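K.L.:
I am sharing structure_32.pdb, which consists of PDB, C-alpha atoms and all ligand atoms:
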```pdb
ATOM      1  CA  MET A   9    -101.927 -71.224 -30.706
ATOM      2  CA  CYS A  10    -102.987 -69.260 -33.719
ATOM      3  CA  TRP A  11    -105.813 -71.457 -34.909
ATOM      4  CA  SER A  12    -109.238 -72.217 -33.597
ATOM      5  CA  HIS A  13    -110.257 -75.585 -32.213
ATOM      6  CA  ASP A  14    -110.244 -78.144 -35.007
ATOM      7  CA  ARG A  15    -113.469 -80.080 -35.316
ATOM      8  CA  ASN A  16    -112.255 -82.567 -37.908
ATOM      9  CA  HIS A  17    -109.543 -84.204 -35.872
ATOM     10  CA  ALA A  18    -109.504 -86.301 -32.768
ATOM     11  CA  GLY A  19    -107.667 -85.037 -29.709
ATOM     12  CA  THR A  20    -108.325 -84.033 -26.155
ATOM     13  CA  PRO A  21    -111.097 -81.587 -25.345
ATOM     14  CA  ARG A  22    -108.702 -79.015 -23.873
ATOM     15  CA  PRO A  23    -108.898 -75.980 -26.197
ATOM     16  CA  SER A  24    -105.571 -74.519 -27.242
ATOM     17  CA  THR A  25    -104.745 -70.937 -26.359
ATOM     18  CA  SER A  26    -102.391 -68.366 -27.782
ATOM     19  CA  THR A  27    -100.194 -68.779 -24.704
ATOM     20  CA  ASP A  28     -99.627 -72.542 -24.969
ATOM     21  CA  PRO A  29     -95.910 -73.154 -25.428
ATOM     22  CA  ILE A  30     -94.857 -74.637 -28.753
ATOM     23  CA  LEU A  31     -92.596 -77.642 -28.144
ATOM     24  CA  VAL A  32     -89.564 -77.727 -30.468
ATOM     25  CA  LEU A  33     -87.756 -81.067 -30.376
ATOM     26  CA  SER A  34     -84.084 -80.926 -31.388
ATOM     27  CA  GLY A  35     -84.312 -77.331 -30.210
ATOM     28  CA  THR A  36     -80.501 -77.101 -30.210
ATOM     29  CA  GLY A  37     -80.239 -78.452 -33.759
ATOM     30  CA  LYS A  38     -79.895 -76.776 -37.131
ATOM     31  CA  THR A  39     -83.602 -76.342 -37.800
ATOM     32  CA  GLY A  40     -84.839 -76.388 -34.194
ATOM     33  CA  SER A  41     -82.657 -73.539 -32.935
ATOM     34  CA  ARG A  42     -83.747 -71.290 -35.809
ATOM     35  CA  ILE A  43     -87.402 -72.176 -35.316
ATOM     36  CA  VAL A  44     -87.113 -71.330 -31.611
ATOM     37  CA  ASP A  45     -85.638 -67.902 -32.448
ATOM     38  CA  ARG A  46     -88.314 -67.135 -35.035
ATOM     39  CA  LEU A  47     -91.221 -68.193 -32.819
ATOM     40  CA  ARG A  48     -89.891 -66.207 -29.862
ATOM     41  CA  GLY A  49     -89.353 -63.204 -32.120
ATOM     42  CA  ALA A  50     -93.018 -63.438 -33.128
ATOM     43  CA  GLY A  51     -94.077 -63.464 -29.476
ATOM     44  CA  HIS A  52     -94.851 -67.162 -29.002
ATOM     45  CA  GLU A  53     -93.967 -69.030 -25.887
ATOM     46  CA  VAL A  54     -91.546 -71.754 -26.951
ATOM     47  CA  ARG A  55     -90.145 -74.827 -25.240
ATOM     48  CA  PRO A  56     -86.931 -76.059 -26.903
ATOM     49  CA  ALA A  57     -86.265 -79.665 -25.984
ATOM     50  CA  SER A  58     -83.193 -81.847 -26.209
ATOM     51  CA  ARG A  59     -80.677 -83.458 -23.874
ATOM     52  CA  ARG A  60     -79.252 -79.967 -23.240
ATOM     53  CA  SER A  61     -82.539 -78.170 -22.493
ATOM     54  CA  THR A  62     -84.354 -77.395 -19.273
ATOM     55  CA  PRO A  63     -86.631 -79.266 -18.869
ATOM     56  CA  ARG A  64     -84.432 -81.971 -20.345
ATOM     57  CA  PHE A  65     -85.758 -84.227 -23.094
ATOM     58  CA  ASP A  66     -84.100 -87.492 -24.024
ATOM     59  CA  TRP A  67     -85.609 -89.933 -26.516
ATOM     60  CA  ASP A  68     -83.943 -92.729 -24.549
ATOM     61  CA  ASP A  69     -85.376 -91.704 -21.168
ATOM     62  CA  ARG A  70     -89.175 -91.770 -21.113
ATOM     63  CA  ARG A  71     -89.222 -90.118 -17.676
ATOM     64  CA  THR A  72     -88.253 -86.861 -19.451
ATOM     65  CA  TRP A  73     -91.265 -86.909 -21.809
ATOM     66  CA  PRO A  74     -94.170 -85.706 -19.593
ATOM     67  CA  GLY A  75     -92.288 -82.597 -18.470
ATOM     68  CA  VAL A  76     -91.773 -81.273 -21.976
ATOM     69  CA  LEU A  77     -95.316 -82.149 -23.106
ATOM     70  CA  GLU A  78     -97.142 -80.450 -20.256
ATOM     71  CA  GLY A  79     -99.535 -77.733 -21.506
ATOM     72  CA  VAL A  80     -98.358 -78.097 -25.120
ATOM     73  CA  SER A  81    -100.734 -78.246 -28.088
ATOM     74  CA  THR A  82     -98.222 -77.912 -30.962
ATOM     75  CA  VAL A  83     -94.987 -79.853 -31.523
ATOM     76  CA  TYR A  84     -92.148 -79.580 -34.049
ATOM     77  CA  LEU A  85     -90.433 -82.937 -34.505
ATOM     78  CA  ALA A  86     -86.915 -83.233 -35.902
ATOM     79  CA  LEU A  87     -85.253 -86.522 -34.995
ATOM     80  CA  PRO A  88     -81.637 -87.343 -34.276
ATOM     81  CA  LEU A  89     -80.066 -89.882 -36.649
ATOM     82  CA  THR A  90     -80.304 -92.638 -34.031
ATOM     83  CA  ALA A  91     -83.404 -94.821 -33.618
ATOM     84  CA  THR A  92     -86.174 -93.217 -31.588
ATOM     85  CA  PRO A  93     -89.493 -94.562 -30.222
ATOM     86  CA  VAL A  94     -91.302 -91.886 -32.212
ATOM     87  CA  ALA A  95     -94.683 -93.637 -32.546
ATOM     88  CA  GLU A  96     -94.883 -94.037 -28.775
ATOM     89  CA  PHE A  97     -93.952 -90.393 -28.263
ATOM     90  CA  VAL A  98     -96.614 -89.206 -30.709
ATOM     91  CA  ASP A  99     -99.256 -91.341 -28.946
ATOM     92  CA  ARG A 100     -98.293 -89.814 -25.619
ATOM     93  CA  ALA A 101     -98.251 -86.311 -27.080
ATOM     94  CA  VAL A 102    -101.786 -86.675 -28.447
ATOM     95  CA  ALA A 103    -102.997 -88.194 -25.158
ATOM     96  CA  SER A 104    -101.579 -85.206 -23.289
ATOM     97  CA  GLY A 105    -103.405 -82.644 -25.470
ATOM     98  CA  VAL A 106    -101.219 -82.012 -28.529
ATOM     99  CA  ARG A 107    -103.325 -81.214 -31.597
ATOM    100  CA  ARG A 108    -100.763 -80.206 -34.213
ATOM    101  CA  LEU A 109     -97.586 -82.000 -35.241
ATOM    102  CA  VAL A 110     -95.076 -80.615 -37.747
ATOM    103  CA  ALA A 111     -92.415 -83.103 -38.810
ATOM    104  CA  LEU A 112     -89.074 -82.684 -40.578
ATOM    105  CA  SER A 113     -88.350 -85.399 -43.115
ATOM    106  CA  GLY A 114     -86.188 -85.856 -46.185
ATOM    107  CA  ARG A 115     -86.790 -85.080 -49.805
ATOM    108  CA  GLY A 116     -88.147 -87.986 -51.906
ATOM    109  CA  ALA A 117     -89.301 -90.092 -48.958
ATOM    110  CA  ASP A 118     -91.944 -91.854 -51.093
ATOM    111  CA  HIS A 119     -89.239 -93.428 -53.240
ATOM    112  CA  TRP A 120     -86.322 -94.178 -50.922
ATOM    113  CA  LYS A 121     -84.538 -97.485 -51.270
ATOM    114  CA  ASN A 122     -81.269 -98.790 -49.833
ATOM    115  CA  GLY A 123     -82.567 -98.711 -46.256
ATOM    116  CA  PHE A 124     -82.175 -94.938 -46.018
ATOM    117  CA  GLY A 125     -84.396 -92.890 -43.726
ATOM    118  CA  ARG A 126     -86.142 -95.587 -41.672
ATOM    119  CA  GLU A 127     -86.511 -93.153 -38.748
ATOM    120  CA  MET A 128     -87.951 -90.394 -40.927
ATOM    121  CA  LEU A 129     -90.431 -92.823 -42.515
ATOM    122  CA  ASP A 130     -91.512 -93.939 -39.031
ATOM    123  CA  LEU A 131     -91.936 -90.283 -38.064
ATOM    124  CA  GLU A 132     -94.034 -89.542 -41.149
ATOM    125  CA  HIS A 133     -96.248 -92.557 -40.452
ATOM    126  CA  ALA A 134     -96.642 -91.608 -36.786
ATOM    127  CA  VAL A 135     -97.785 -88.041 -37.495
ATOM    128  CA  ARG A 136    -100.051 -89.012 -40.409
ATOM    129  CA  THR A 137    -101.860 -91.611 -38.299
ATOM    130  CA  SER A 138    -101.910 -89.514 -35.104
ATOM    131  CA  GLY A 139    -105.520 -88.347 -35.493
ATOM    132  CA  VAL A 140    -104.501 -84.716 -35.005
ATOM    133  CA  GLN A 141    -103.412 -82.019 -37.459
ATOM    134  CA  TRP A 142    -100.084 -82.748 -39.093
ATOM    135  CA  SER A 143     -97.734 -81.239 -41.674
ATOM    136  CA  ILE A 144     -94.515 -82.643 -43.089
ATOM    137  CA  VAL A 145     -91.648 -80.627 -44.541
ATOM    138  CA  ARG A 146     -89.299 -82.819 -46.561
ATOM    139  CA  ALA A 147     -85.970 -81.142 -47.189
ATOM    140  CA  SER A 148     -83.043 -81.782 -49.505
ATOM    141  CA  ASN A 149     -79.507 -81.737 -48.065
ATOM    142  CA  PHE A 150     -78.862 -78.687 -45.924
ATOM    143  CA  ALA A 151     -76.227 -76.153 -46.968
ATOM    144  CA  GLN A 152     -75.448 -75.860 -43.252
ATOM    145  CA  ASN A 153     -74.051 -79.405 -43.207
ATOM    146  CA  PHE A 154     -70.896 -77.680 -44.466
ATOM    147  CA  ASP A 155     -70.488 -75.375 -41.465
ATOM    148  CA  GLU A 156     -72.587 -76.768 -38.606
ATOM    149  CA  ASP A 157     -72.294 -80.488 -39.099
ATOM    150  CA  VAL A 158     -70.519 -83.483 -40.484
ATOM    151  CA  PHE A 159     -68.599 -81.839 -43.377
ATOM    152  CA  TYR A 160     -67.183 -78.919 -41.379
ATOM    153  CA  ASP A 161     -63.994 -80.505 -39.965
ATOM    154  CA  LEU A 162     -63.060 -81.970 -43.341
ATOM    155  CA  LEU A 163     -63.607 -78.689 -45.150
ATOM    156  CA  VAL A 164     -61.354 -76.753 -42.806
ATOM    157  CA  ALA A 165     -58.787 -79.561 -43.066
ATOM    158  CA  GLY A 166     -58.750 -78.867 -46.840
ATOM    159  CA  GLU A 167     -60.338 -81.941 -48.409
ATOM    160  CA  LEU A 168     -63.841 -83.334 -48.531
ATOM    161  CA  ALA A 169     -64.131 -86.878 -49.913
ATOM    162  CA  LEU A 170     -67.639 -88.221 -50.518
ATOM    163  CA  PRO A 171     -69.210 -90.981 -52.663
ATOM    164  CA  VAL A 172     -71.549 -88.805 -54.735
ATOM    165  CA  GLY A 173     -70.891 -90.262 -58.205
ATOM    166  CA  GLY A 174     -70.993 -86.801 -59.790
ATOM    167  CA  VAL A 175     -74.703 -86.428 -58.970
ATOM    168  CA  PRO A 176     -75.723 -82.823 -58.172
ATOM    169  CA  GLU A 177     -77.795 -81.737 -55.167
ATOM    170  CA  PRO A 178     -80.220 -78.786 -54.761
ATOM    171  CA  PHE A 179     -78.881 -77.866 -51.304
ATOM    172  CA  ILE A 180     -81.339 -75.908 -49.203
ATOM    173  CA  ASP A 181     -80.519 -73.096 -46.813
ATOM    174  CA  VAL A 182     -81.773 -74.109 -43.341
ATOM    175  CA  GLU A 183     -83.060 -70.552 -42.892
ATOM    176  CA  ASP A 184     -85.674 -71.450 -45.533
ATOM    177  CA  VAL A 185     -86.536 -74.768 -43.872
ATOM    178  CA  ALA A 186     -87.077 -72.902 -40.592
ATOM    179  CA  ASP A 187     -89.327 -70.315 -42.268
ATOM    180  CA  VAL A 188     -91.421 -73.082 -43.821
ATOM    181  CA  ALA A 189     -91.687 -75.018 -40.540
ATOM    182  CA  VAL A 190     -92.709 -71.888 -38.600
ATOM    183  CA  THR A 191     -95.441 -71.225 -41.161
ATOM    184  CA  MET A 192     -96.691 -74.793 -40.750
ATOM    185  CA  LEU A 193     -96.630 -74.454 -36.960
ATOM    186  CA  THR A 194     -98.555 -71.183 -36.880
ATOM    187  CA  SER A 195    -100.900 -71.147 -39.890
ATOM    188  CA  ASN A 196    -103.861 -73.356 -40.801
ATOM    189  CA  ASP A 197    -102.991 -73.450 -44.491
ATOM    190  CA  TRP A 198    -100.643 -76.440 -44.395
ATOM    191  CA  VAL A 199    -102.614 -78.885 -42.272
ATOM    192  CA  ASP A 200    -102.413 -82.498 -43.512
ATOM    193  CA  ARG A 201     -99.970 -81.572 -46.254
ATOM    194  CA  VAL A 202     -96.508 -82.637 -47.310
ATOM    195  CA  VAL A 203     -94.186 -80.067 -48.872
ATOM    196  CA  GLU A 204     -90.846 -80.926 -50.469
ATOM    197  CA  VAL A 205     -88.375 -78.061 -50.211
ATOM    198  CA  THR A 206     -85.036 -77.576 -51.994
ATOM    199  CA  GLY A 207     -82.736 -74.765 -52.946
ATOM    200  CA  PRO A 208     -83.257 -72.979 -56.289
ATOM    201  CA  GLU A 209     -80.589 -74.896 -58.247
ATOM    202  CA  ALA A 210     -78.698 -78.169 -58.191
ATOM    203  CA  LEU A 211     -74.928 -77.893 -57.737
ATOM    204  CA  THR A 212     -72.434 -80.697 -57.972
ATOM    205  CA  TRP A 213     -70.648 -81.258 -54.670
ATOM    206  CA  ASP A 214     -67.504 -80.119 -56.424
ATOM    207  CA  GLU A 215     -69.204 -76.816 -57.301
ATOM    208  CA  ALA A 216     -70.560 -76.441 -53.777
ATOM    209  CA  VAL A 217     -67.132 -76.920 -52.217
ATOM    210  CA  ALA A 218     -65.564 -74.535 -54.771
ATOM    211  CA  THR A 219     -68.236 -71.940 -53.910
ATOM    212  CA  ILE A 220     -67.363 -72.194 -50.222
ATOM    213  CA  ALA A 221     -63.623 -72.113 -50.953
ATOM    214  CA  ARG A 222     -64.048 -68.886 -52.946
ATOM    215  CA  ALA A 223     -66.250 -67.283 -50.289
ATOM    216  CA  ALA A 224     -63.957 -68.332 -47.455
ATOM    217  CA  GLY A 225     -60.733 -67.504 -49.319
ATOM    218  CA  ARG A 226     -59.188 -70.881 -48.606
ATOM    219  CA  GLU A 227     -58.168 -73.928 -50.592
ATOM    220  CA  VAL A 228     -60.485 -76.890 -50.318
ATOM    221  CA  ARG A 229     -60.440 -79.933 -52.568
ATOM    222  CA  PHE A 230     -63.392 -82.176 -53.316
ATOM    223  CA  THR A 231     -62.815 -85.850 -54.164
ATOM    224  CA  ASP A 232     -65.514 -88.195 -55.400
ATOM    225  CA  ILE A 233     -64.638 -91.538 -53.804
ATOM    226  CA  PRO A 234     -65.956 -95.065 -54.549
ATOM    227  CA  PRO A 235     -68.901 -95.943 -52.276
ATOM    228  CA  GLU A 236     -67.164 -98.994 -50.826
ATOM    229  CA  GLU A 237     -64.387 -96.801 -49.397
ATOM    230  CA  TYR A 238     -66.741 -94.459 -47.536
ATOM    231  CA  PRO A 239     -67.579 -96.458 -44.356
ATOM    232  CA  ALA A 240     -63.883 -96.897 -43.535
ATOM    233  CA  VAL A 241     -63.271 -93.170 -44.152
ATOM    234  CA  LEU A 242     -66.087 -92.282 -41.750
ATOM    235  CA  ARG A 243     -64.905 -94.734 -39.097
ATOM    236  CA  SER A 244     -61.385 -93.314 -39.318
ATOM    237  CA  GLN A 245     -62.929 -89.892 -38.601
ATOM    238  CA  GLY A 246     -64.540 -91.258 -35.423
ATOM    239  CA  VAL A 247     -68.094 -91.075 -36.772
ATOM    240  CA  PRO A 248     -70.435 -93.253 -34.627
ATOM    241  CA  ALA A 249     -71.715 -96.486 -36.233
ATOM    242  CA  ALA A 250     -75.345 -95.285 -36.478
ATOM    243  CA  ASP A 251     -74.242 -92.138 -38.304
ATOM    244  CA  VAL A 252     -71.959 -94.180 -40.620
ATOM    245  CA  HIS A 253     -74.989 -96.204 -41.697
ATOM    246  CA  ALA A 254     -77.163 -93.098 -42.110
ATOM    247  CA  LEU A 255     -74.566 -91.289 -44.242
ATOM    248  CA  GLU A 256     -73.679 -94.353 -46.304
ATOM    249  CA  THR A 257     -77.320 -95.041 -47.180
ATOM    250  CA  MET A 258     -78.028 -91.346 -47.780
ATOM    251  CA  PHE A 259     -75.302 -91.124 -50.421
ATOM    252  CA  ALA A 260     -76.502 -94.398 -51.974
ATOM    253  CA  GLU A 261     -79.902 -92.740 -52.284
ATOM    254  CA  LEU A 262     -78.462 -89.521 -53.761
ATOM    255  CA  ARG A 263     -76.394 -91.486 -56.306
ATOM    256  CA  ARG A 264     -79.629 -92.877 -57.785
ATOM    257  CA  GLY A 265     -80.009 -89.383 -59.258
ATOM    258  CA  LEU A 266     -83.736 -89.034 -58.543
ATOM    259  CA  LEU A 267     -83.421 -86.074 -56.151
ATOM    260  CA  THR A 268     -81.570 -83.554 -58.287
ATOM    261  CA  GLU A 269     -84.423 -81.412 -59.640
ATOM    262  CA  PRO A 270     -85.278 -78.348 -57.538
ATOM    263  CA  THR A 271     -88.858 -78.135 -56.256
ATOM    264  CA  ASP A 272     -91.041 -75.056 -55.785
ATOM    265  CA  GLY A 273     -91.874 -76.005 -52.172
ATOM    266  CA  VAL A 274     -90.349 -72.892 -50.594
ATOM    267  CA  HIS A 275     -92.276 -70.689 -53.009
ATOM    268  CA  GLN A 276     -95.524 -72.587 -52.353
ATOM    269  CA  VAL A 277     -95.314 -71.896 -48.621
ATOM    270  CA  LEU A 278     -93.484 -68.567 -48.429
ATOM    271  CA  SER A 279     -94.322 -66.942 -51.801
ATOM    272  CA  ARG A 280     -90.648 -66.207 -52.385
ATOM    273  CA  ARG A 281     -87.637 -67.927 -53.900
ATOM    274  CA  PRO A 282     -85.342 -70.011 -51.712
ATOM    275  CA  GLY A 283     -81.875 -68.638 -50.967
ATOM    276  CA  THR A 284     -78.995 -69.627 -53.236
ATOM    277  CA  PHE A 285     -76.004 -71.673 -52.146
ATOM    278  CA  ALA A 286     -73.727 -68.781 -53.090
ATOM    279  CA  ASP A 287     -75.648 -66.446 -50.755
ATOM    280  CA  TYR A 288     -75.333 -69.005 -47.967
ATOM    281  CA  ALA A 289     -71.591 -69.375 -48.575
ATOM    282  CA  VAL A 290     -70.886 -65.629 -48.653
ATOM    283  CA  ARG A 291     -73.009 -64.919 -45.562
ATOM    284  CA  THR A 292     -71.534 -67.832 -43.617
ATOM    285  CA  ALA A 293     -67.958 -67.029 -44.598
ATOM    286  CA  ALA A 294     -68.495 -63.389 -43.593
ATOM    287  CA  ALA A 295     -69.637 -64.635 -40.158
ATOM    288  CA  GLY A 296     -66.251 -66.379 -39.846
ATOM    289  CA  ALA A 297     -67.453 -69.978 -40.056
ATOM    290  CA  TRP A 298     -64.468 -71.302 -42.010
ATOM    291  CA  SER A 299     -61.820 -68.774 -40.877
TER     292      SER A 299
HETATM  293  N1  LIG B   1     -78.959 -82.490 -42.287
HETATM  294  C1  LIG B   1     -79.654 -82.560 -43.456
HETATM  295  O1  LIG B   1     -79.159 -82.219 -44.531
HETATM  296  C2  LIG B   1     -81.071 -83.080 -43.431
HETATM  297  C3  LIG B   1     -81.880 -82.918 -44.571
HETATM  298  C4  LIG B   1     -83.192 -83.396 -44.544
HETATM  299  C5  LIG B   1     -83.672 -84.028 -43.407
HETATM  300  N2  LIG B   1     -82.854 -84.179 -42.322
HETATM  301  C6  LIG B   1     -83.388 -84.865 -41.132
HETATM  302  O2  LIG B   1     -83.576 -83.901 -40.121
HETATM  303  C7  LIG B   1     -83.451 -84.521 -38.843
HETATM  304  C8  LIG B   1     -82.487 -83.705 -38.014
HETATM  305  O3  LIG B   1     -81.201 -83.794 -38.617
HETATM  306  P1  LIG B   1     -80.170 -82.611 -38.509
HETATM  307  O4  LIG B   1     -78.981 -82.997 -39.303
HETATM  308  O5  LIG B   1     -80.813 -81.295 -38.815
HETATM  309  O6  LIG B   1     -79.783 -82.684 -36.950
HETATM  310  P2  LIG B   1     -79.864 -81.518 -35.873
HETATM  311  O7  LIG B   1     -81.316 -81.247 -35.587
HETATM  312  O8  LIG B   1     -78.982 -80.399 -36.280
HETATM  313  O9  LIG B   1     -79.167 -82.249 -34.621
HETATM  314  C9  LIG B   1     -79.753 -83.334 -33.953
HETATM  315  C10 LIG B   1     -80.553 -82.869 -32.734
HETATM  316  O10 LIG B   1     -80.966 -84.039 -32.023
HETATM  317  C11 LIG B   1     -80.838 -83.797 -30.640
HETATM  318  N3  LIG B   1     -80.647 -85.105 -29.999
HETATM  319  C12 LIG B   1     -79.682 -86.015 -30.246
HETATM  320  N4  LIG B   1     -79.860 -87.109 -29.479
HETATM  321  C13 LIG B   1     -80.963 -86.872 -28.728
HETATM  322  C14 LIG B   1     -81.651 -87.617 -27.735
HETATM  323  N5  LIG B   1     -81.241 -88.840 -27.355
HETATM  324  N6  LIG B   1     -82.746 -87.087 -27.166
HETATM  325  C15 LIG B   1     -83.180 -85.837 -27.520
HETATM  326  N7  LIG B   1     -82.574 -85.078 -28.468
HETATM  327  C16 LIG B   1     -81.475 -85.595 -29.062
HETATM  328  C17 LIG B   1     -79.604 -82.914 -30.523
HETATM  329  O11 LIG B   1     -79.672 -82.120 -29.355
HETATM  330  P3  LIG B   1     -78.803 -82.393 -28.027
HETATM  331  O12 LIG B   1     -77.439 -82.778 -28.450
HETATM  332  O13 LIG B   1     -78.890 -81.072 -27.315
HETATM  333  O14 LIG B   1     -79.547 -83.499 -27.314
HETATM  334  C18 LIG B   1     -79.783 -82.010 -31.754
HETATM  335  O15 LIG B   1     -80.569 -80.881 -31.425
HETATM  336  C19 LIG B   1     -83.003 -85.962 -39.100
HETATM  337  O16 LIG B   1     -84.139 -86.788 -39.087
HETATM  338  C20 LIG B   1     -82.427 -85.882 -40.489
HETATM  339  O17 LIG B   1     -82.464 -87.125 -41.143
HETATM  340  C21 LIG B   1     -81.585 -83.700 -42.289
END
```
Show me this structure written as structure tokens.

P.N.:
Amino acid sequence: MCWSHDRNHAGTPRPSTSTDPILVLSGTGKTGSRIVDRLRGAGHEVRPASRRSTPRFDWDDRRTWPGVLEGVSTVYLALPLTATPVAEFVDRAVASGVRRLVALSGRGADHWKNGFGREMLDLEHAVRTSGVQWSIVRASNFAQNFDEDVFYDLLVAGELALPVGGVPEPFIDVEDVADVAVTMLTSNDWVDRVVEVTGPEALTWDEAVATIARAAGREVRFTDIPPEEYPAVLRSQGVPAADVHALETMFAELRRGLLTEPTDGVHQVLSRRPGTFADYAVRTAAAGAWS
């Protein structure tokens, strides 16, 4: 790794080296895949890990854990939406020689209500109490949810209906989240720190969808629906029960209106402004995402 042995934290005696692979959990996901590319581009050895990687990693199959942890001293942790035994994994990681943990969490985690984000709170607690170096990047809603995730099918079908109550969101470009996470993985400056990252401006969901529609040259309508209608809408779209709960509670949290102000987290870490939603939409449309 890029830092010297840390004397202030517990851990195994094995010193890290610049050739230790960096383990990237959710290495096929929106942040993980970009972090893998960046680290490889900078010459690091990287081990992406998920159910589709070799070696395979599955949160639900503990036999897959030792293989991905072998020889690793740094780990990026992004969790799936389903429940994971994250505290147990972190204990095992530290016992096997890991000395730095960088975790992805959600913006405003200190104030969440409505049962949102239990898994992310467990992750934050696990890394903070791990005894090794940790950093947490808390992100607002990703712009890429519109082209790589849950909102994509609805957008291309022409209508997105969500229970947002008119509350705006400072969507963040995942490219910025990946840049911040890579900095935390490879520099000493962010050890034992939490950084909240957002895009540079809050847009209503209506404005965000209109921005994509303009960039993509297609008609897409946004409808703000009553919260009580949302679970049935999700179930009719075939969304798994765990994801229904996660999305329902996330929008309940957003509707409280406490997460609308942009932060300067990207600037703190990267000394530059975060990308705008319009830039994301134009770039992503040009790549053919919504064609
Ligand atoms: N999306 C957002 O706007 C947002 C904003 C802030 C924070 N977050 C948080 O960020 C985290 C990641 O969310 P995301 O939306 O960005 O998802 P993602 O990382 O794009 O996708 C989920 C990842 O989990 C992996 N995965 C699923 N089940 C697994 C299992 N049983 N074992 C191992 N890996 C598994 C998937 O890989 P395989 O299918 O290859 O296994 C995939 O790489 C979540 O904690 C979320 O709450 C998300």

K.L.:
Hey, which bits of chain A sit within 9 Å of ligand LIG 1 (chain B), and for each residue what's the closest pair of atoms and how far apart in Å (one decimal), counting all atoms listed in the file, rows by chain and increasing number, as a Markdown table?

P.N.:
```
| residue | atom | partner | partner_atom | distance |
| --- | --- | --- | --- | --- |
| A:Leu33 | CA | B:LIG1 | N7 | 6.8 |
| A:Ser34 | CA | B:LIG1 | O15 | 3.5 |
| A:Gly35 | CA | B:LIG1 | O15 | 5.3 |
| A:Thr36 | CA | B:LIG1 | O15 | 4.0 |
| A:Gly37 | CA | B:LIG1 | O15 | 3.4 |
| A:Lys38 | CA | B:LIG1 | O8 | 3.8 |
| A:Thr39 | CA | B:LIG1 | O5 | 5.8 |
| A:Gly40 | CA | B:LIG1 | O7 | 6.2 |
| A:Ser41 | CA | B:LIG1 | O15 | 7.8 |
| A:Ala57 | CA | B:LIG1 | N7 | 7.0 |
| A:Ser58 | CA | B:LIG1 | N7 | 4.0 |
| A:Arg59 | CA | B:LIG1 | O14 | 3.6 |
| A:Arg60 | CA | B:LIG1 | O13 | 4.2 |
| A:Ser61 | CA | B:LIG1 | O13 | 6.7 |
| A:Arg64 | CA | B:LIG1 | C15 | 8.2 |
| A:Phe65 | CA | B:LIG1 | C15 | 5.4 |
| A:Asp66 | CA | B:LIG1 | N6 | 3.4 |
| A:Trp67 | CA | B:LIG1 | N6 | 4.1 |
| A:Asp68 | CA | B:LIG1 | N5 | 5.5 |
| A:Asp69 | CA | B:LIG1 | N5 | 8.0 |
| A:Leu85 | CA | B:LIG1 | C7 | 8.4 |
| A:Ala86 | CA | B:LIG1 | C7 | 4.7 |
| A:Leu87 | CA | B:LIG1 | O16 | 4.2 |
| A:Pro88 | CA | B:LIG1 | O10 | 4.1 |
| A:Leu89 | CA | B:LIG1 | C19 | 5.5 |
| A:Thr90 | CA | B:LIG1 | N4 | 7.2 |
| A:Ala91 | CA | B:LIG1 | N5 | 8.9 |
| A:Thr92 | CA | B:LIG1 | N5 | 7.8 |
| A:Ala111 | CA | B:LIG1 | O2 | 9.0 |
| A:Leu112 | CA | B:LIG1 | O2 | 5.6 |
| A:Ser113 | CA | B:LIG1 | C5 | 4.9 |
| A:Gly114 | CA | B:LIG1 | C5 | 4.2 |
| A:Arg115 | CA | B:LIG1 | C4 | 6.6 |
| A:Gly125 | CA | B:LIG1 | O17 | 6.6 |
| A:Glu127 | CA | B:LIG1 | O16 | 6.8 |
| A:Met128 | CA | B:LIG1 | O16 | 5.6 |
| A:Leu131 | CA | B:LIG1 | O16 | 8.6 |
| A:Val145 | CA | B:LIG1 | C5 | 8.7 |
| A:Arg146 | CA | B:LIG1 | C4 | 6.5 |
| A:Ala147 | CA | B:LIG1 | C4 | 4.4 |
| A:Ser148 | CA | B:LIG1 | C3 | 5.2 |
| A:Asn149 | CA | B:LIG1 | O1 | 3.6 |
| A:Phe150 | CA | B:LIG1 | O1 | 3.8 |
| A:Ala151 | CA | B:LIG1 | O1 | 7.2 |
| A:Gln152 | CA | B:LIG1 | O1 | 7.5 |
| A:Asn153 | CA | B:LIG1 | N1 | 5.9 |
| A:Glu156 | CA | B:LIG1 | O8 | 7.7 |
| A:Asp157 | CA | B:LIG1 | O4 | 7.1 |
| A:Val158 | CA | B:LIG1 | O4 | 8.6 |
| A:Phe179 | CA | B:LIG1 | O1 | 8.1 |
| A:Ile180 | CA | B:LIG1 | O1 | 8.1 |
| A:Val182 | CA | B:LIG1 | O5 | 8.5 |
| A:Ala254 | CA | B:LIG1 | O17 | 8.0 |
```

K.L.:
Can you work out which one of A:Leu255, A:Val135, A:Val205, A:Leu170 has the shortest atom-to-atom distance to Asp272 in chain A, counting only C-alpha atoms?

P.N.:
A:Val205

K.L.:
Tell me, in Å to one decimal, how far CA of Thr271 in chain A is from CA of Trp213 in chain A.

P.N.:
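Computed distance, CA of Thr271 in chain A to CA of Trp213 in chain A, equals 18.5 Å.
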
K.L.:
Mind telling me what the PyMOL selection byres (((chain A and resi 270) around 6) and not hetatm) catches here, as a JSON list (two decimals) with C-alpha atoms, in the frame of the given file?

P.N.:
```
[["chain", "number", "residue", "atom", "x", "y", "z"],
["A", 178, "PRO", "CA", -80.22, -78.79, -54.76],
["A", 206, "THR", "CA", -85.04, -77.58, -51.99],
["A", 208, "PRO", "CA", -83.26, -72.98, -56.29],
["A", 209, "GLU", "CA", -80.59, -74.90, -58.25],
["A", 269, "GLU", "CA", -84.42, -81.41, -59.64],
["A", 271, "THR", "CA", -88.86, -78.14, -56.26]]
```

K.L.:
Hey, which of A:Glu227, A:Leu193, A:Ala165, A:Ala117 ends up closest to Thr82 in chain A? Count all atoms listed in the file.

P.N.:
A:Leu193
